[in-house]
Amino acid sequence: MSETHPFGSPVTFNIGGKPYDGTYGESLLEALRRYGYEVPSLCHHEAVTSYGACRLCLVEIVDKRGRRKVSTSCNFPVQAGIDVRLDTPDVQKHRRVVLELLLAMAPDSPELRELAAEHGVQGDRLQADQQEHDCILCGLCERVCREVVGVSAIGMTARGAAKHMGTPYEEASEACIACGACVWVCPTKCIGLTEKDGKRTIVRWKRTLPLAVCEQTGRQFTPQFLLEHYAKRLGGLDPIVFKKAPPYR
Ligand code: FES
């Protein structure tokens, strides 16, 4: 990165030859979206650090010397003078291959099938050699759990075909507060959350916790353990929400 532009300083970069204002070092994907350009992605969320796992957010970048490369945009920093080109033949070709690979990892995901169809990909050509056939290993659930919720209940384990997202020793995670943030961000919706008989279960992490009862409405609304986590983290919650909560262990 150039030393003449400190991180966070204003810079001008180009999209398809047209100049735009940006901030040196910000995520190129976020800058493109800010200006209304559509770039597909599955593993990016502005609340967490970029990881570059799904490889869908490809763009072509031409640097000041005219050198061209296809790169993921979520973890590419905006720099002065670059020209970003969307949907070039190279980008489309690479993206289609990526979509085929992702579909092989999670062939039954409606979200993924829809995205693939939008790009003309059927996805019956490849088969993934992995344990689970619904997760694309994008790591978004783990980053949200660690960086936003502040819990770190899950993580990537093993290597090669055995690599997967899971809880320590594959047991019900004691750290999980059943907030459901991982379920909400998962692009293939493979984690699962159920609520039954006053308990919430995060299906994939085998974590079941009783729901606390609101003192005022009498409704079960959220896991007791979650309330205690945030009470500690934020320095206290109104004690009224704890009054009728069942024991959580
Ligand atoms: S959004 Fe950039 S690699 Fe997934």
# chains A, B, ... in the order shown; residues from 1 in each chain; ligands from 1
>>> closest_atom_pairs(of="chain A", to="ligand 1", cutoff="8 Å", atoms="only C-alpha atoms and all ligand atoms", output="JSON lines")
{"residue": "A:Leu29", "atom": "CA", "partner": "ligand 1", "partner_atom_place_in_ligand_line": "2 (Fe)", "distance": 7.6}
{"residue": "A:Pro40", "atom": "CA", "partner": "ligand 1", "partner_atom_place_in_ligand_line": "1 (S)", "distance": 7.3}
{"residue": "A:Ser41", "atom": "CA", "partner": "ligand 1", "partner_atom_place_in_ligand_line": "1 (S)", "distance": 4.0}
{"residue": "A:Leu42", "atom": "CA", "partner": "ligand 1", "partner_atom_place_in_ligand_line": "4 (Fe)", "distance": 5.2}
{"residue": "A:Cys43", "atom": "CA", "partner": "ligand 1", "partner_atom_place_in_ligand_line": "4 (Fe)", "distance": 4.0}
{"residue": "A:His44", "atom": "CA", "partner": "ligand 1", "partner_atom_place_in_ligand_line": "1 (S)", "distance": 4.2}
{"residue": "A:His45", "atom": "CA", "partner": "ligand 1", "partner_atom_place_in_ligand_line": "1 (S)", "distance": 7.9}
{"residue": "A:Ser50", "atom": "CA", "partner": "ligand 1", "partner_atom_place_in_ligand_line": "2 (Fe)", "distance": 7.1}
{"residue": "A:Tyr51", "atom": "CA", "partner": "ligand 1", "partner_atom_place_in_ligand_line": "3 (S)", "distance": 6.5}
{"residue": "A:Gly52", "atom": "CA", "partner": "ligand 1", "partner_atom_place_in_ligand_line": "3 (S)", "distance": 3.3}
{"residue": "A:Ala53", "atom": "CA", "partner": "ligand 1", "partner_atom_place_in_ligand_line": "3 (S)", "distance": 4.5}
{"residue": "A:Cys54", "atom": "CA", "partner": "ligand 1", "partner_atom_place_in_ligand_line": "4 (Fe)", "distance": 3.8}
{"residue": "A:Arg55", "atom": "CA", "partner": "ligand 1", "partner_atom_place_in_ligand_line": "3 (S)", "distance": 3.7}
{"residue": "A:Leu56", "atom": "CA", "partner": "ligand 1", "partner_atom_place_in_ligand_line": "4 (Fe)", "distance": 5.4}
{"residue": "A:Cys57", "atom": "CA", "partner": "ligand 1", "partner_atom_place_in_ligand_line": "2 (Fe)", "distance": 4.5}
{"residue": "A:Leu58", "atom": "CA", "partner": "ligand 1", "partner_atom_place_in_ligand_line": "2 (Fe)", "distance": 7.1}
{"residue": "A:Thr72", "atom": "CA", "partner": "ligand 1", "partner_atom_place_in_ligand_line": "2 (Fe)", "distance": 5.3}
{"residue": "A:Ser73", "atom": "CA", "partner": "ligand 1", "partner_atom_place_in_ligand_line": "2 (Fe)", "distance": 5.8}
{"residue": "A:Cys74", "atom": "CA", "partner": "ligand 1", "partner_atom_place_in_ligand_line": "2 (Fe)", "distance": 4.2}
{"residue": "A:Asn75", "atom": "CA", "partner": "ligand 1", "partner_atom_place_in_ligand_line": "2 (Fe)", "distance": 6.4}
{"residue": "A:Cys138", "atom": "CA", "partner": "ligand 1", "partner_atom_place_in_ligand_line": "4 (Fe)", "distance": 7.2}
>>> residues_around(residues="A:Lys199", least_positions_apart="2", cutoff="8 Å", atoms="only C-alpha atoms", output="ChimeraX atom specification")
/A:195-197,201,208-211,223
>>> residues_around(residues="A:Asp87", least_positions_apart="3", cutoff="7 Å", atoms="only C-alpha atoms", output="PyMOL selection string")
chain A and resi 59+91-92
>>> write_last_selection(atoms="all heavy atoms", output="mmCIF file, in the first residue's frame")
data_model
loop_
_atom_site.group_PDB
_atom_site.id
_atom_site.type_symbol
_atom_site.label_atom_id
_atom_site.label_comp_id
_atom_site.auth_asym_id
_atom_site.auth_seq_id
_atom_site.Cartn_x
_atom_site.Cartn_y
_atom_site.Cartn_z
ATOM 1 N N VAL A 59 -14.026 -9.448 -8.719
ATOM 2 C CA VAL A 59 -14.038 -8.320 -9.658
ATOM 3 C C VAL A 59 -12.683 -8.305 -10.353
ATOM 4 O O VAL A 59 -11.753 -8.968 -9.900
ATOM 5 C CB VAL A 59 -14.254 -6.957 -8.938
ATOM 6 C CG1 VAL A 59 -15.642 -6.871 -8.329
ATOM 7 C CG2 VAL A 59 -13.185 -6.717 -7.870
ATOM 8 N N VAL A 91 -14.215 -12.557 -15.003
ATOM 9 C CA VAL A 91 -14.930 -12.596 -13.718
ATOM 10 C C VAL A 91 -16.083 -13.586 -13.795
ATOM 11 O O VAL A 91 -16.271 -14.425 -12.912
ATOM 12 C CB VAL A 91 -15.436 -11.183 -13.317
ATOM 13 C CG1 VAL A 91 -16.441 -11.259 -12.182
ATOM 14 C CG2 VAL A 91 -14.269 -10.283 -12.943
ATOM 15 N N GLN A 92 -16.834 -13.501 -14.875
ATOM 16 C CA GLN A 92 -17.990 -14.408 -15.020
ATOM 17 C C GLN A 92 -17.541 -15.869 -15.061
ATOM 18 O O GLN A 92 -18.157 -16.737 -14.444
ATOM 19 C CB GLN A 92 -18.765 -14.066 -16.280
ATOM 20 C CG GLN A 92 -19.545 -12.765 -16.148
ATOM 21 C CD GLN A 92 -20.203 -12.368 -17.457
ATOM 22 O OE1 GLN A 92 -20.105 -13.075 -18.441
ATOM 23 N NE2 GLN A 92 -20.861 -11.234 -17.457
#
>>> residues_around(residues="A:Val185", least_positions_apart="2", cutoff="7 Å", atoms="only C-alpha atoms", output="ChimeraX atom specification")
/A:140-141,181-183,187
>>> write_last_selection(atoms="N, CA and C atoms", output="mmCIF file, in the first residue's frame")
data_model
loop_
_atom_site.group_PDB
_atom_site.id
_atom_site.type_symbol
_atom_site.label_atom_id
_atom_site.label_comp_id
_atom_site.auth_asym_id
_atom_site.auth_seq_id
_atom_site.Cartn_x
_atom_site.Cartn_y
_atom_site.Cartn_z
ATOM 1 N N LEU A 140 -18.812 -17.602 8.415
ATOM 2 C CA LEU A 140 -19.539 -16.409 8.866
ATOM 3 C C LEU A 140 -20.140 -16.610 10.257
ATOM 4 N N CYS A 141 -20.659 -17.801 10.518
ATOM 5 C CA CYS A 141 -21.263 -18.080 11.834
ATOM 6 C C CYS A 141 -20.225 -17.914 12.949
ATOM 7 N N ALA A 181 -27.730 -15.869 16.403
ATOM 8 C CA ALA A 181 -27.064 -14.997 15.420
ATOM 9 C C ALA A 181 -26.445 -15.823 14.303
ATOM 10 N N CYS A 182 -25.867 -16.963 14.654
ATOM 11 C CA CYS A 182 -25.251 -17.832 13.634
ATOM 12 C C CYS A 182 -26.305 -18.358 12.666
ATOM 13 N N VAL A 183 -27.464 -18.699 13.202
ATOM 14 C CA VAL A 183 -28.556 -19.221 12.378
ATOM 15 C C VAL A 183 -29.005 -18.151 11.374
ATOM 16 N N PRO A 187 -25.515 -18.472 5.260
ATOM 17 C CA PRO A 187 -26.065 -18.296 3.910
ATOM 18 C C PRO A 187 -26.787 -19.519 3.372
#
>>> residues_around(residues="stretch 18-23 of chain A", least_positions_apart="4", cutoff="12 Å", atoms="only C-alpha atoms", output="list in words")
His5, Pro6, Phe7, Gly8, Ser9, Pro10, Val11, Thr12, Phe13, Asn14, Ser27, Leu28, Leu29, Glu30, Ala31, Leu32, Arg33, Arg34, Tyr35, Gly36, Pro77, Val78, Gln79, Ala80, Gly81, Ile82, Asp83, Val84 and Arg85 of chain A
>>> write_last_selection(atoms="C-alpha atoms", output="tab-separated table (two decimals), in the first residue's frame")
chain	number	residue	atom	x	y	z
A	5	HIS	CA	-2.30	7.65	1.65
A	6	PRO	CA	-2.60	6.82	5.34
A	7	PHE	CA	-5.26	4.25	6.22
A	8	GLY	CA	-8.66	5.94	6.33
A	9	SER	CA	-7.73	8.94	4.17
A	10	PRO	CA	-9.96	9.98	1.24
A	11	VAL	CA	-8.94	8.66	-2.17
A	12	THR	CA	-10.37	8.57	-5.67
A	13	PHE	CA	-10.76	5.21	-7.39
A	14	ASN	CA	-12.58	4.18	-10.56
A	27	SER	CA	-13.48	-2.99	1.79
A	28	LEU	CA	-13.83	-2.64	-1.97
A	29	LEU	CA	-17.04	-4.71	-1.88
A	30	GLU	CA	-18.62	-2.31	0.60
A	31	ALA	CA	-17.54	0.69	-1.50
A	32	LEU	CA	-19.05	-0.86	-4.65
A	33	ARG	CA	-22.33	-1.54	-2.87
A	34	ARG	CA	-22.43	1.96	-1.46
A	35	TYR	CA	-22.56	3.22	-5.05
A	36	GLY	CA	-25.31	0.77	-5.98
A	77	PRO	CA	-8.68	-2.52	0.15
A	78	VAL	CA	-9.78	0.53	-1.82
A	79	GLN	CA	-6.71	2.30	-3.21
A	80	ALA	CA	-6.18	5.51	-5.17
A	81	GLY	CA	-6.19	5.17	-8.94
A	82	ILE	CA	-7.34	1.56	-9.32
A	83	ASP	CA	-10.01	0.79	-11.89
A	84	VAL	CA	-12.55	-1.85	-10.90
A	85	ARG	CA	-14.40	-3.78	-13.58
>>> residues_around(residues="A:Phe221", least_positions_apart="2", cutoff="10 Å", atoms="only C-alpha atoms", output="list in words")
Gly198, Lys199, Arg200, Pro210, Leu211, Ala212, Val213, Cys214, Thr217, Gly218, Arg219, Pro223, Gln224 and Val241 of chain A
>>> write_last_selection(atoms="all heavy atoms", output="CSV table (one decimal), in the first residue's frame")
chain,number,residue,atom,x,y,z
A,198,GLY,N,-41.0,-24.3,25.9
A,198,GLY,CA,-40.3,-23.3,26.7
A,198,GLY,C,-38.7,-23.4,26.6
A,198,GLY,O,-38.0,-22.8,27.4
A,199,LYS,N,-38.3,-24.0,25.5
A,199,LYS,CA,-36.8,-24.2,25.3
A,199,LYS,C,-36.5,-23.8,23.9
A,199,LYS,O,-37.2,-24.1,23.0
A,199,LYS,CB,-36.4,-25.6,25.6
A,199,LYS,CG,-36.5,-26.0,27.1
A,199,LYS,CD,-36.0,-27.4,27.3
A,199,LYS,CE,-36.3,-27.7,28.7
A,199,LYS,NZ,-36.5,-29.1,28.9
A,200,ARG,N,-35.3,-23.3,23.8
A,200,ARG,CA,-34.8,-23.0,22.4
A,200,ARG,C,-33.6,-23.9,22.2
A,200,ARG,O,-32.7,-24.1,23.0
A,200,ARG,CB,-34.3,-21.5,22.3
A,200,ARG,CG,-33.7,-21.3,20.9
A,200,ARG,CD,-33.1,-19.9,20.8
A,200,ARG,NE,-34.2,-18.9,20.8
A,200,ARG,CZ,-34.0,-17.6,20.8
A,200,ARG,NH1,-32.7,-17.1,20.7
A,200,ARG,NH2,-35.0,-16.7,20.8
A,210,PRO,N,-33.5,-23.1,28.3
A,210,PRO,CA,-34.8,-22.6,28.6
A,210,PRO,C,-35.0,-21.1,28.3
A,210,PRO,O,-34.0,-20.4,28.4
A,210,PRO,CB,-35.0,-22.8,30.2
A,210,PRO,CG,-33.8,-23.7,30.5
A,210,PRO,CD,-32.7,-23.5,29.5
A,211,LEU,N,-36.2,-20.8,28.0
A,211,LEU,CA,-36.5,-19.4,27.7
A,211,LEU,C,-36.9,-18.7,28.9
A,211,LEU,O,-37.7,-19.2,29.7
A,211,LEU,CB,-37.6,-19.3,26.6
A,211,LEU,CG,-37.2,-19.9,25.2
A,211,LEU,CD1,-38.4,-20.0,24.4
A,211,LEU,CD2,-36.2,-19.0,24.6
A,212,ALA,N,-36.4,-17.5,29.1
A,212,ALA,CA,-36.9,-16.6,30.3
A,212,ALA,C,-38.3,-16.1,30.0
A,212,ALA,O,-38.7,-16.0,28.8
A,212,ALA,CB,-35.9,-15.5,30.5
A,213,VAL,N,-39.0,-15.8,31.0
A,213,VAL,CA,-40.4,-15.3,30.9
A,213,VAL,C,-40.4,-13.8,31.3
A,213,VAL,O,-39.9,-13.4,32.3
A,213,VAL,CB,-41.3,-16.1,31.8
A,213,VAL,CG1,-42.7,-15.6,31.7
A,213,VAL,CG2,-41.3,-17.6,31.5
A,214,CYS,N,-41.1,-13.1,30.4
A,214,CYS,CA,-41.2,-11.6,30.7
A,214,CYS,C,-42.2,-11.4,31.8
A,214,CYS,O,-43.3,-11.9,31.8
A,214,CYS,CB,-41.7,-10.9,29.4
A,214,CYS,SG,-42.1,-9.2,29.7
A,217,THR,N,-45.5,-9.4,30.4
A,217,THR,CA,-46.4,-10.0,29.4
A,217,THR,C,-46.6,-11.5,29.7
A,217,THR,O,-47.5,-12.1,29.1
A,217,THR,CB,-45.9,-9.8,28.0
A,217,THR,OG1,-44.6,-10.6,27.9
A,217,THR,CG2,-45.6,-8.4,27.6
A,218,GLY,N,-45.7,-12.1,30.5
A,218,GLY,CA,-45.8,-13.5,30.7
A,218,GLY,C,-45.4,-14.4,29.6
A,218,GLY,O,-45.5,-15.6,29.6
A,219,ARG,N,-44.8,-13.8,28.5
A,219,ARG,CA,-44.4,-14.5,27.4
A,219,ARG,C,-42.9,-15.0,27.5
A,219,ARG,O,-42.1,-14.2,28.0
A,219,ARG,CB,-44.5,-13.6,26.1
A,219,ARG,CG,-45.9,-13.5,25.6
A,219,ARG,CD,-46.0,-12.6,24.4
A,219,ARG,NE,-45.1,-13.2,23.3
A,219,ARG,CZ,-44.7,-12.4,22.3
A,219,ARG,NH1,-44.9,-11.2,22.2
A,219,ARG,NH2,-43.9,-13.0,21.4
A,223,PRO,N,-33.5,-16.9,25.7
A,223,PRO,CA,-32.8,-17.7,26.7
A,223,PRO,C,-32.3,-16.9,27.9
A,223,PRO,O,-31.7,-15.8,27.7
A,223,PRO,CB,-31.7,-18.4,25.9
A,223,PRO,CG,-32.1,-18.3,24.5
A,223,PRO,CD,-32.9,-17.0,24.3
A,224,GLN,N,-32.5,-17.5,29.0
A,224,GLN,CA,-32.0,-16.9,30.3
A,224,GLN,C,-30.5,-16.7,30.2
A,224,GLN,O,-30.0,-15.6,30.6
A,224,GLN,CB,-32.3,-17.8,31.4
A,224,GLN,CG,-31.6,-17.5,32.7
A,224,GLN,CD,-32.3,-16.4,33.5
A,224,GLN,OE1,-33.5,-16.1,33.3
A,224,GLN,NE2,-31.5,-15.6,34.2
A,241,VAL,N,-36.6,-8.6,34.1
A,241,VAL,CA,-36.7,-9.7,33.2
A,241,VAL,C,-36.2,-11.0,33.8
A,241,VAL,O,-36.4,-12.0,33.2
A,241,VAL,CB,-35.9,-9.4,31.9
A,241,VAL,CG1,-36.4,-8.2,31.1
A,241,VAL,CG2,-34.4,-9.2,32.2
>>> closest_residue(among="A:Arg113, A:His119, A:Lys69, A:Arg233", to="A:Thr188", atoms="only C-alpha atoms")
A:Arg113
>>> select_by_dssp(residues="stretch 63-187 of chain A", states="strand (DSSP E)", output="PyMOL selection string")
chain A and resi 68-72+83-85+155-157+164-166
>>> select_by_dssp(residues="stretch 36-243 of chain A", states="alpha helix (DSSP H)", output="JSON, numbers by chain")
{"A": [89, 90, 91, 92, 93, 94, 95, 96, 97, 98, 99, 100, 101, 102, 103, 104, 105, 110, 111, 112, 113, 114, 115, 116, 117, 118, 140, 141, 142, 143, 181, 182, 183, 184, 185, 224, 225, 226, 227, 228, 229, 230, 231, 232, 233, 234]}
>>> closest_residue(among="A:Val121, A:Val149, A:Val48, A:Met105", to="A:Ala175", atoms="only C-alpha atoms")
A:Val149
